[in-house]
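Q: Below you'll find protein21.csv; it's CSV, N, CA and C atoms.
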chain,number,residue,atom,x,y,z
V,25,MET,N,7.6,-61.3,45.0
V,25,MET,CA,6.4,-61.2,44.2
V,25,MET,C,6.7,-61.5,42.7
V,26,ARG,N,5.8,-62.3,42.1
V,26,ARG,CA,5.9,-62.5,40.7
V,26,ARG,C,5.2,-61.4,39.9
V,27,ILE,N,5.8,-60.9,38.9
V,27,ILE,CA,5.3,-59.8,38.1
V,27,ILE,C,5.6,-60.0,36.6
V,28,LEU,N,4.5,-59.7,35.8
V,28,LEU,CA,4.6,-59.8,34.4
V,28,LEU,C,4.9,-58.3,33.9
V,29,ILE,N,5.8,-58.2,32.9
V,29,ILE,CA,5.9,-56.8,32.4
V,29,ILE,C,5.5,-56.9,30.9
V,30,ASP,N,4.9,-55.8,30.5
V,30,ASP,CA,4.4,-55.8,29.1
V,30,ASP,C,5.6,-55.4,28.1
V,31,THR,N,5.3,-55.4,26.9
V,31,THR,CA,6.3,-55.2,25.8
V,31,THR,C,7.0,-53.9,26.0
V,32,GLN,N,6.3,-52.8,26.1
V,32,GLN,CA,6.9,-51.5,26.2
V,32,GLN,C,7.8,-51.3,27.4
V,33,ILE,N,7.3,-51.9,28.6
V,33,ILE,CA,8.1,-51.8,29.8
V,33,ILE,C,9.4,-52.6,29.6
V,34,LEU,N,9.3,-53.8,29.0
V,34,LEU,CA,10.5,-54.6,28.7
V,34,LEU,C,11.5,-53.8,27.9
V,35,ILE,N,11.1,-53.2,26.8
V,35,ILE,CA,12.0,-52.4,26.0
V,35,ILE,C,12.6,-51.2,26.8
V,36,TRP,N,11.8,-50.5,27.5
V,36,TRP,CA,12.3,-49.4,28.3
V,36,TRP,C,13.3,-49.8,29.3
V,37,PHE,N,13.0,-50.9,30.0
V,37,PHE,CA,13.9,-51.4,31.0
V,37,PHE,C,15.2,-51.8,30.4
V,38,LEU,N,15.2,-52.7,29.4
V,38,LEU,CA,16.4,-53.2,28.8
V,38,LEU,C,17.2,-52.1,28.0
V,39,GLU,N,16.5,-51.1,27.5
V,39,GLU,CA,17.2,-50.0,26.8
V,39,GLU,C,17.6,-48.9,27.7
V,40,ASP,N,17.3,-49.0,29.0
V,40,ASP,CA,17.5,-48.0,30.0
V,40,ASP,C,16.9,-46.6,29.6
V,41,SER,N,15.7,-46.7,29.2
V,41,SER,CA,15.0,-45.5,28.8
V,41,SER,C,14.6,-44.6,30.0
V,42,LYS,N,14.7,-43.3,29.8
V,42,LYS,CA,14.2,-42.4,30.8
V,42,LYS,C,12.7,-42.4,31.0
V,43,ALA,N,12.0,-43.0,30.0
V,43,ALA,CA,10.5,-43.0,30.1
V,43,ALA,C,10.1,-43.9,31.2
V,44,LEU,N,10.9,-44.9,31.6
V,44,LEU,CA,10.6,-45.8,32.7
V,44,LEU,C,10.8,-45.1,34.0
V,45,SER,N,9.8,-45.0,34.8
V,45,SER,CA,9.9,-44.3,36.1
V,45,SER,C,10.9,-45.0,37.0
V,46,THR,N,11.5,-44.3,37.9
V,46,THR,CA,12.5,-44.8,38.8
V,46,THR,C,11.9,-45.9,39.7
V,47,SER,N,10.6,-45.6,40.1
V,47,SER,CA,9.9,-46.6,41.0
V,47,SER,C,9.7,-47.9,40.3
V,48,LEU,N,9.3,-47.9,39.0
V,48,LEU,CA,9.1,-49.1,38.3
V,48,LEU,C,10.4,-49.8,38.0
V,49,LYS,N,11.4,-49.1,37.7
V,49,LYS,CA,12.7,-49.6,37.5
V,49,LYS,C,13.2,-50.4,38.7
V,50,SER,N,13.0,-49.7,39.9
V,50,SER,CA,13.4,-50.4,41.1
V,50,SER,C,12.6,-51.6,41.4
V,51,LEU,N,11.3,-51.6,41.1
V,51,LEU,CA,10.5,-52.8,41.3
V,51,LEU,C,11.0,-53.9,40.4
V,52,ILE,N,11.4,-53.7,39.2
V,52,ILE,CA,11.9,-54.7,38.3
V,52,ILE,C,13.2,-55.2,38.8
V,53,LYS,N,14.1,-54.3,39.2
V,53,LYS,CA,15.4,-54.7,39.7
V,53,LYS,C,15.4,-55.4,41.0
V,54,ASP,N,14.4,-55.2,41.8
V,54,ASP,CA,14.3,-55.8,43.2
V,54,ASP,C,14.5,-57.3,43.1
V,55,ALA,N,15.6,-57.8,43.7
V,55,ALA,CA,15.9,-59.2,43.7
V,55,ALA,C,14.8,-60.1,44.3
V,56,ASP,N,14.0,-59.5,45.2
V,56,ASP,CA,12.9,-60.3,45.8
V,56,ASP,C,11.7,-60.5,44.8
V,57,ASN,N,11.7,-59.9,43.7
V,57,ASN,CA,10.6,-60.0,42.7
V,57,ASN,C,11.1,-61.0,41.6
V,58,GLU,N,10.2,-61.8,41.1
V,58,GLU,CA,10.4,-62.7,40.0
V,58,GLU,C,9.7,-62.0,38.8
V,59,ILE,N,10.5,-61.5,37.9
V,59,ILE,CA,10.0,-60.7,36.7
V,59,ILE,C,9.9,-61.6,35.5
V,60,SER,N,8.8,-61.5,34.8
V,60,SER,CA,8.5,-62.4,33.7
V,60,SER,C,8.0,-61.5,32.5
V,61,VAL,N,8.2,-62.0,31.3
V,61,VAL,CA,7.7,-61.4,30.1
V,61,VAL,C,7.1,-62.5,29.3
V,62,SER,N,6.1,-62.3,28.6
V,62,SER,CA,5.4,-63.3,27.7
V,62,SER,C,6.2,-63.4,26.4
V,63,HIS,N,6.2,-64.7,25.9
V,63,HIS,CA,6.8,-64.9,24.5
V,63,HIS,C,6.0,-64.0,23.5
V,64,ILE,N,4.8,-63.7,23.8
V,64,ILE,CA,4.0,-62.9,22.9
V,64,ILE,C,4.6,-61.5,22.8
V,65,SER,N,5.2,-61.0,23.8
V,65,SER,CA,5.9,-59.7,23.7
V,65,SER,C,7.1,-59.8,22.7
V,66,LEU,N,7.8,-60.9,22.8
V,66,LEU,CA,9.0,-61.1,21.9
V,66,LEU,C,8.5,-61.2,20.4
V,67,PHE,N,7.3,-61.9,20.3
V,67,PHE,CA,6.7,-62.0,18.9
V,67,PHE,C,6.3,-60.6,18.4
V,68,GLU,N,5.7,-59.8,19.3
V,68,GLU,CA,5.3,-58.4,19.0
V,68,GLU,C,6.5,-57.6,18.5
V,69,ILE,N,7.6,-57.7,19.3
V,69,ILE,CA,8.8,-57.0,18.9
V,69,ILE,C,9.3,-57.4,17.6
V,70,ALA,N,9.3,-58.7,17.3
V,70,ALA,CA,9.8,-59.3,16.0
V,70,ALA,C,9.0,-58.7,14.9
V,71,ILE,N,7.7,-58.6,15.0
V,71,ILE,CA,6.8,-58.1,14.0
V,71,ILE,C,7.1,-56.6,13.8
V,72,LYS,N,7.2,-55.8,14.9
V,72,LYS,CA,7.4,-54.4,14.8
V,72,LYS,C,8.8,-54.0,14.3
V,73,LEU,N,9.8,-54.9,14.5
V,73,LEU,CA,11.1,-54.6,13.9
V,73,LEU,C,11.1,-54.7,12.4
V,74,LYS,N,10.2,-55.5,11.9
V,74,LYS,CA,10.0,-55.7,10.4
V,74,LYS,C,9.3,-54.5,9.8
V,75,ILE,N,8.6,-53.7,10.6
V,75,ILE,CA,7.9,-52.6,10.1
V,75,ILE,C,8.8,-51.4,10.3
V,76,ALA,N,9.3,-50.8,9.3
V,76,ALA,CA,10.3,-49.7,9.4
V,76,ALA,C,9.8,-48.6,10.2
V,77,GLY,N,10.6,-48.2,11.2
V,77,GLY,CA,10.3,-47.1,12.1
V,77,GLY,C,9.3,-47.4,13.2
V,78,LYS,N,8.7,-48.6,13.3
V,78,LYS,CA,7.8,-48.9,14.3
V,78,LYS,C,8.4,-48.9,15.7
V,79,ILE,N,9.5,-49.6,15.8
V,79,ILE,CA,10.3,-49.6,17.1
V,79,ILE,C,11.8,-49.8,16.7
V,80,ASN,N,12.6,-49.5,17.7
V,80,ASN,CA,14.1,-49.7,17.5
V,80,ASN,C,14.6,-50.2,18.8
V,81,VAL,N,15.4,-51.3,18.7
V,81,VAL,CA,16.1,-51.8,19.9
V,81,VAL,C,17.6,-51.9,19.5
V,82,LYS,N,18.4,-51.4,20.4
V,82,LYS,CA,19.8,-51.2,20.2
V,82,LYS,C,20.5,-52.5,19.7
V,83,ARG,N,20.2,-53.6,20.4
V,83,ARG,CA,20.9,-54.9,20.1
V,83,ARG,C,20.1,-55.9,19.3
V,84,GLY,N,19.0,-55.4,18.8
V,84,GLY,CA,18.2,-56.3,18.0
V,84,GLY,C,17.4,-57.3,18.9
V,85,LEU,N,16.6,-58.1,18.2
V,85,LEU,CA,15.8,-59.1,19.0
V,85,LEU,C,16.6,-60.1,19.7
V,86,LYS,N,17.7,-60.7,19.1
V,86,LYS,CA,18.5,-61.7,19.7
V,86,LYS,C,19.2,-61.1,21.0
V,87,GLY,N,19.7,-59.9,20.8
V,87,GLY,CA,20.3,-59.2,22.0
V,87,GLY,C,19.3,-58.9,23.1
V,88,LEU,N,18.1,-58.6,22.7
V,88,LEU,CA,17.1,-58.3,23.7
V,88,LEU,C,16.7,-59.6,24.5
V,89,ILE,N,16.7,-60.7,23.8
V,89,ILE,CA,16.4,-62.0,24.4
V,89,ILE,C,17.6,-62.3,25.4
V,90,GLU,N,18.8,-62.1,24.9
V,90,GLU,CA,20.0,-62.4,25.8
V,90,GLU,C,19.9,-61.5,27.0
V,91,ASP,N,19.5,-60.2,26.8
V,91,ASP,CA,19.4,-59.3,27.9
V,91,ASP,C,18.4,-59.7,28.9
V,92,CYS,N,17.3,-60.4,28.5
V,92,CYS,CA,16.3,-60.9,29.4
V,92,CYS,C,17.0,-61.9,30.3
V,93,TYR,N,17.7,-62.8,29.8
V,93,TYR,CA,18.4,-63.8,30.6
V,93,TYR,C,19.4,-63.2,31.5
V,94,ASP,N,20.2,-62.2,31.0
V,94,ASP,CA,21.2,-61.5,31.8
V,94,ASP,C,20.5,-60.8,33.0
V,95,GLU,N,19.3,-60.3,32.8
V,95,GLU,CA,18.6,-59.5,33.9
V,95,GLU,C,17.7,-60.4,34.7
V,96,ASN,N,17.7,-61.7,34.5
V,96,ASN,CA,16.9,-62.7,35.2
V,96,ASN,C,15.4,-62.5,35.0
V,97,ILE,N,15.1,-62.1,33.7
V,97,ILE,CA,13.7,-61.9,33.3
V,97,ILE,C,13.3,-63.2,32.7
V,98,ALA,N,12.3,-63.9,33.3
V,98,ALA,CA,11.8,-65.2,32.8
V,98,ALA,C,11.0,-65.0,31.5
V,99,ILE,N,11.1,-65.8,30.5
V,99,ILE,CA,10.3,-65.7,29.3
V,99,ILE,C,9.3,-66.8,29.4
V,100,LEU,N,8.0,-66.4,29.5
V,100,LEU,CA,6.9,-67.3,29.7
V,100,LEU,C,6.4,-67.8,28.3
V,101,SER,N,6.4,-69.1,28.1
V,101,SER,CA,5.8,-69.6,26.9
V,101,SER,C,4.3,-69.4,27.0
V,102,VAL,N,3.6,-69.2,25.8
V,102,VAL,CA,2.2,-69.2,25.8
V,102,VAL,C,1.6,-70.6,26.0
V,103,THR,N,0.7,-70.7,27.0
V,103,THR,CA,0.2,-72.0,27.4
V,103,THR,C,-1.3,-72.0,27.1
V,104,ASP,N,-1.9,-73.2,27.2
V,104,ASP,CA,-3.3,-73.4,27.0
V,104,ASP,C,-4.1,-72.5,28.0
V,105,SER,N,-3.6,-72.5,29.2
V,105,SER,CA,-4.3,-71.7,30.2
V,105,SER,C,-4.3,-70.2,29.9
V,106,HIS,N,-3.2,-69.7,29.3
V,106,HIS,CA,-3.2,-68.3,28.8
V,106,HIS,C,-4.2,-68.1,27.7
V,107,VAL,N,-4.3,-69.0,26.8
V,107,VAL,CA,-5.2,-68.8,25.7
V,107,VAL,C,-6.7,-68.9,26.2
V,108,LEU,N,-6.9,-69.8,27.1
V,108,LEU,CA,-8.3,-70.0,27.7
V,108,LEU,C,-8.7,-68.7,28.5
V,109,ALA,N,-7.7,-68.1,29.2
V,109,ALA,CA,-8.0,-66.9,30.0
V,109,ALA,C,-8.3,-65.8,29.1
V,110,TYR,N,-7.9,-65.8,27.8
V,110,TYR,CA,-8.2,-64.8,26.9
V,110,TYR,C,-9.7,-64.5,26.8
V,111,GLU,N,-10.5,-65.6,26.9
V,111,GLU,CA,-12.0,-65.5,26.9
V,111,GLU,C,-12.5,-64.6,28.0
V,112,LYS,N,-11.8,-64.6,29.1
V,112,LYS,CA,-12.2,-63.8,30.3
V,112,LYS,C,-11.9,-62.3,30.2
V,113,ILE,N,-11.1,-62.0,29.3
V,113,ILE,CA,-10.6,-60.6,29.1
V,113,ILE,C,-11.8,-59.8,28.5
V,114,PRO,N,-12.3,-58.8,29.2
V,114,PRO,CA,-13.4,-58.0,28.6
V,114,PRO,C,-13.0,-57.4,27.3
V,115,PHE,N,-13.9,-57.2,26.4
V,115,PHE,CA,-13.6,-56.7,25.1
V,115,PHE,C,-14.1,-55.2,25.1
V,116,PHE,N,-13.1,-54.3,24.7
V,116,PHE,CA,-13.4,-52.9,24.5
V,116,PHE,C,-13.2,-52.6,23.1
V,117,GLU,N,-14.1,-51.9,22.5
V,117,GLU,CA,-14.1,-51.7,21.0
V,117,GLU,C,-12.8,-50.9,20.6
V,118,ASP,N,-12.3,-50.0,21.5
V,118,ASP,CA,-11.1,-49.3,21.2
V,118,ASP,C,-9.8,-49.9,21.8
V,119,HIS,N,-9.9,-51.2,22.2
V,119,HIS,CA,-8.7,-51.9,22.6
V,119,HIS,C,-8.7,-53.3,22.1
V,120,ARG,N,-8.4,-53.4,20.8
V,120,ARG,CA,-8.4,-54.7,20.1
V,120,ARG,C,-7.0,-55.3,20.0
V,121,ASP,N,-6.0,-54.6,20.5
V,121,ASP,CA,-4.6,-55.1,20.3
V,121,ASP,C,-4.5,-56.5,20.8
V,122,PRO,N,-4.3,-57.5,19.9
V,122,PRO,CA,-4.2,-58.9,20.3
V,122,PRO,C,-3.0,-59.2,21.2
V,123,PHE,N,-1.9,-58.4,21.0
V,123,PHE,CA,-0.7,-58.6,21.9
V,123,PHE,C,-1.1,-58.2,23.3
V,124,ASP,N,-1.6,-57.0,23.5
V,124,ASP,CA,-2.0,-56.5,24.8
V,124,ASP,C,-3.0,-57.5,25.5
V,125,ARG,N,-3.9,-57.9,24.7
V,125,ARG,CA,-5.0,-58.8,25.3
V,125,ARG,C,-4.4,-60.1,25.7
V,126,LEU,N,-3.5,-60.7,25.0
V,126,LEU,CA,-2.9,-61.9,25.4
V,126,LEU,C,-1.9,-61.7,26.6
V,127,ILE,N,-1.3,-60.6,26.7
V,127,ILE,CA,-0.5,-60.3,27.9
V,127,ILE,C,-1.4,-60.2,29.1
V,128,LEU,N,-2.5,-59.5,28.9
V,128,LEU,CA,-3.5,-59.5,30.0
V,128,LEU,C,-4.0,-60.9,30.4
V,129,ALA,N,-4.3,-61.7,29.4
V,129,ALA,CA,-4.7,-63.0,29.7
V,129,ALA,C,-3.7,-63.8,30.4
V,130,THR,N,-2.4,-63.6,30.1
V,130,THR,CA,-1.3,-64.3,30.7
V,130,THR,C,-1.3,-63.9,32.2
V,131,ALA,N,-1.4,-62.6,32.5
V,131,ALA,CA,-1.4,-62.2,33.9
V,131,ALA,C,-2.6,-62.8,34.6
V,132,LEU,N,-3.7,-62.8,34.0
V,132,LEU,CA,-4.9,-63.4,34.6
V,132,LEU,C,-4.7,-64.9,34.9
V,133,ALA,N,-4.2,-65.6,33.9
V,133,ALA,CA,-4.0,-67.1,34.1
V,133,ALA,C,-3.0,-67.4,35.1
V,134,GLU,N,-1.9,-66.6,35.2
V,134,GLU,CA,-0.8,-66.8,36.2
V,134,GLU,C,-1.1,-66.2,37.5
V,135,SER,N,-2.2,-65.4,37.6
V,135,SER,CA,-2.6,-64.7,38.9
V,135,SER,C,-1.5,-63.8,39.4
V,136,ILE,N,-0.9,-63.1,38.4
V,136,ILE,CA,0.2,-62.1,38.8
V,136,ILE,C,-0.2,-60.8,38.3
V,137,PRO,N,0.4,-59.7,38.9
V,137,PRO,CA,0.2,-58.4,38.4
V,137,PRO,C,1.0,-58.1,37.1
V,138,VAL,N,0.6,-57.1,36.4
V,138,VAL,CA,1.3,-56.8,35.2
V,138,VAL,C,1.7,-55.3,35.3
V,139,ILE,N,2.9,-55.0,34.9
V,139,ILE,CA,3.4,-53.6,34.8
V,139,ILE,C,3.2,-53.1,33.4
V,140,SER,N,2.5,-52.0,33.2
V,140,SER,CA,2.3,-51.5,31.9
V,140,SER,C,2.1,-49.9,32.0
V,141,ASP,N,2.6,-49.2,31.0
V,141,ASP,CA,2.4,-47.8,31.0
V,141,ASP,C,1.2,-47.5,30.1
V,142,ASP,N,0.6,-48.5,29.5
V,142,ASP,CA,-0.6,-48.3,28.6
V,142,ASP,C,-1.8,-48.0,29.4
V,143,HIS,N,-2.3,-46.8,29.2
V,143,HIS,CA,-3.5,-46.3,30.0
V,143,HIS,C,-4.7,-47.2,29.8
V,144,LYS,N,-4.8,-47.9,28.7
V,144,LYS,CA,-6.0,-48.8,28.5
V,144,LYS,C,-6.0,-50.0,29.4
V,145,PHE,N,-4.8,-50.4,30.0
V,145,PHE,CA,-4.7,-51.5,30.9
V,145,PHE,C,-5.5,-51.3,32.2
V,146,ILE,N,-5.7,-50.0,32.5
V,146,ILE,CA,-6.4,-49.7,33.8
V,146,ILE,C,-7.8,-50.3,33.7
V,147,ARG,N,-8.4,-50.3,32.6
V,147,ARG,CA,-9.8,-50.8,32.4
V,147,ARG,C,-10.0,-52.3,33.0
V,148,TYR,N,-8.9,-53.0,33.0
V,148,TYR,CA,-9.0,-54.4,33.4
V,148,TYR,C,-8.7,-54.6,34.9
V,149,ARG,N,-8.6,-53.6,35.7
V,149,ARG,CA,-8.2,-53.7,37.1
V,149,ARG,C,-9.2,-54.5,37.9
V,150,ASP,N,-10.4,-54.7,37.4
V,150,ASP,CA,-11.4,-55.5,38.2
V,150,ASP,C,-11.0,-57.0,38.2
V,151,ILE,N,-10.2,-57.4,37.2
V,151,ILE,CA,-9.8,-58.8,37.2
V,151,ILE,C,-8.3,-59.0,37.2
V,152,ILE,N,-7.5,-58.0,37.0
V,152,ILE,CA,-6.0,-58.1,36.9
V,152,ILE,C,-5.4,-56.9,37.7
V,153,ASP,N,-4.4,-57.2,38.5
V,153,ASP,CA,-3.7,-56.1,39.2
V,153,ASP,C,-2.7,-55.5,38.2
V,154,VAL,N,-3.0,-54.2,37.9
V,154,VAL,CA,-2.2,-53.4,36.9
V,154,VAL,C,-1.3,-52.4,37.7
V,155,ILE,N,0.0,-52.5,37.5
V,155,ILE,CA,0.9,-51.6,38.2
V,155,ILE,C,1.4,-50.6,37.1
V,156,ARG,N,1.2,-49.3,37.5
V,156,ARG,CA,1.7,-48.2,36.5
V,156,ARG,C,2.7,-47.4,37.2
Please render this file's structure as structure tokens.
A:
Amino acid sequence: MRILIDTQILIWFLEDSKALSTSLKSLIKDADNEISVSHISLFEIAIKLKIAGKINVKRGLKGLIEDCYDENIAILSVTDSHVLAYEKIPFFEDHRDPFDRLILATALAESIPVISDDHKFIRYRDIIDVIR
């Protein structure tokens, strides 16, 4: 199964955080699954690393990207179809995060489920399979 992981799940997985449930970790590690992350997640991390105290990753952004390759996590470039799918993502006044919304659009365009711990992602279950 192809699966997209959001930014927080990527960090938790690569940093071996206890916040990531055992079942989600197993799903990501399952060799039968093709795990992907959007370039937009890497861009989000790059921005948040510049904001003191926003996030911390042990090996920095370059190390995190290298870890993606080591863990066979495909990095999906943002495509026209992802941007066009953005229009189909319902707008909720309290969920304006452009990174989240483009991750959701990527999952929609690719017709793949997304793993997220963000409770706001549940609102999109009518059009996107959200795994929590």
Q: Could you list, with a cut-off of 7 Å and counting all atoms listed in the file, the residues of stretch 64-104 of chain V near stretch 122-141 of chain V, each shown with its nearest atom pair and the distance in Å rounded to one decimal, rows sorted by chain and ascending number, as a Markdown table?
A:
| residue | atom | partner | partner_atom | distance |
| --- | --- | --- | --- | --- |
| V:Ile64 | C | V:Phe123 | CA | 6.1 |
| V:Ser65 | N | V:Phe123 | CA | 6.6 |
| V:Glu68 | CA | V:Phe123 | CA | 6.7 |
Q: What does the structure give for the distance between atom C of V:Val61 and atom CA of V:Asp118, in Å to one decimal?
A: 23.9 Å
Q: Return the single residue from V:Lys82, V:Ser62, V:Arg156, V:Pro114 that is closest to V:Ser101, with distances computed using only N, CA and C atoms.
A: V:Ser62
Q: Please, what distance in Å, to one decimal, runs between atom N of V:His119 and atom CA of V:Lys144?
A: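 Result for atom N of V:His119 versus atom CA of V:Lys144: 7.8 Å, one decimal.
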Q: Could you state the separation of atom CA of V:Trp36 and atom CA of V:Lys112 in Å, given to one decimal place?
A: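 Between these atoms lies a distance of 28.5 Å.
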Q: With only C-alpha atoms as the atoms that count, which of V:Ile155, V:Thr31, V:Lys53, V:Asp150 lies nearest to V:Glu95?
A: V:Lys53
Q: I need the alpha helix (DSSP H) residues of chain V per DSSP on the backbone, written as a ChimeraX atom specification.
A: /V:31-38,46-53,63-74,84-94,104-110,122-134
Q: Please return, as a list in words, all residues of chain V that DSSP assigns to strand (DSSP E or B) on the basis of the backbone.
A: Arg26, Ile27, Leu28, Ile29, Glu58, Ile59, Ser60, Val61, Ser62, Ala98, Ile99, Leu100, Phe116, His119, Val138, Ile139, Val154 and Ile155 of chain V
Q: Smallest atom-to-atom distance to V:Asn80: which of V:Ile52, V:Ala43, V:Ile35, V:Val102, using only N, CA and C atoms?
A: V:Ile35
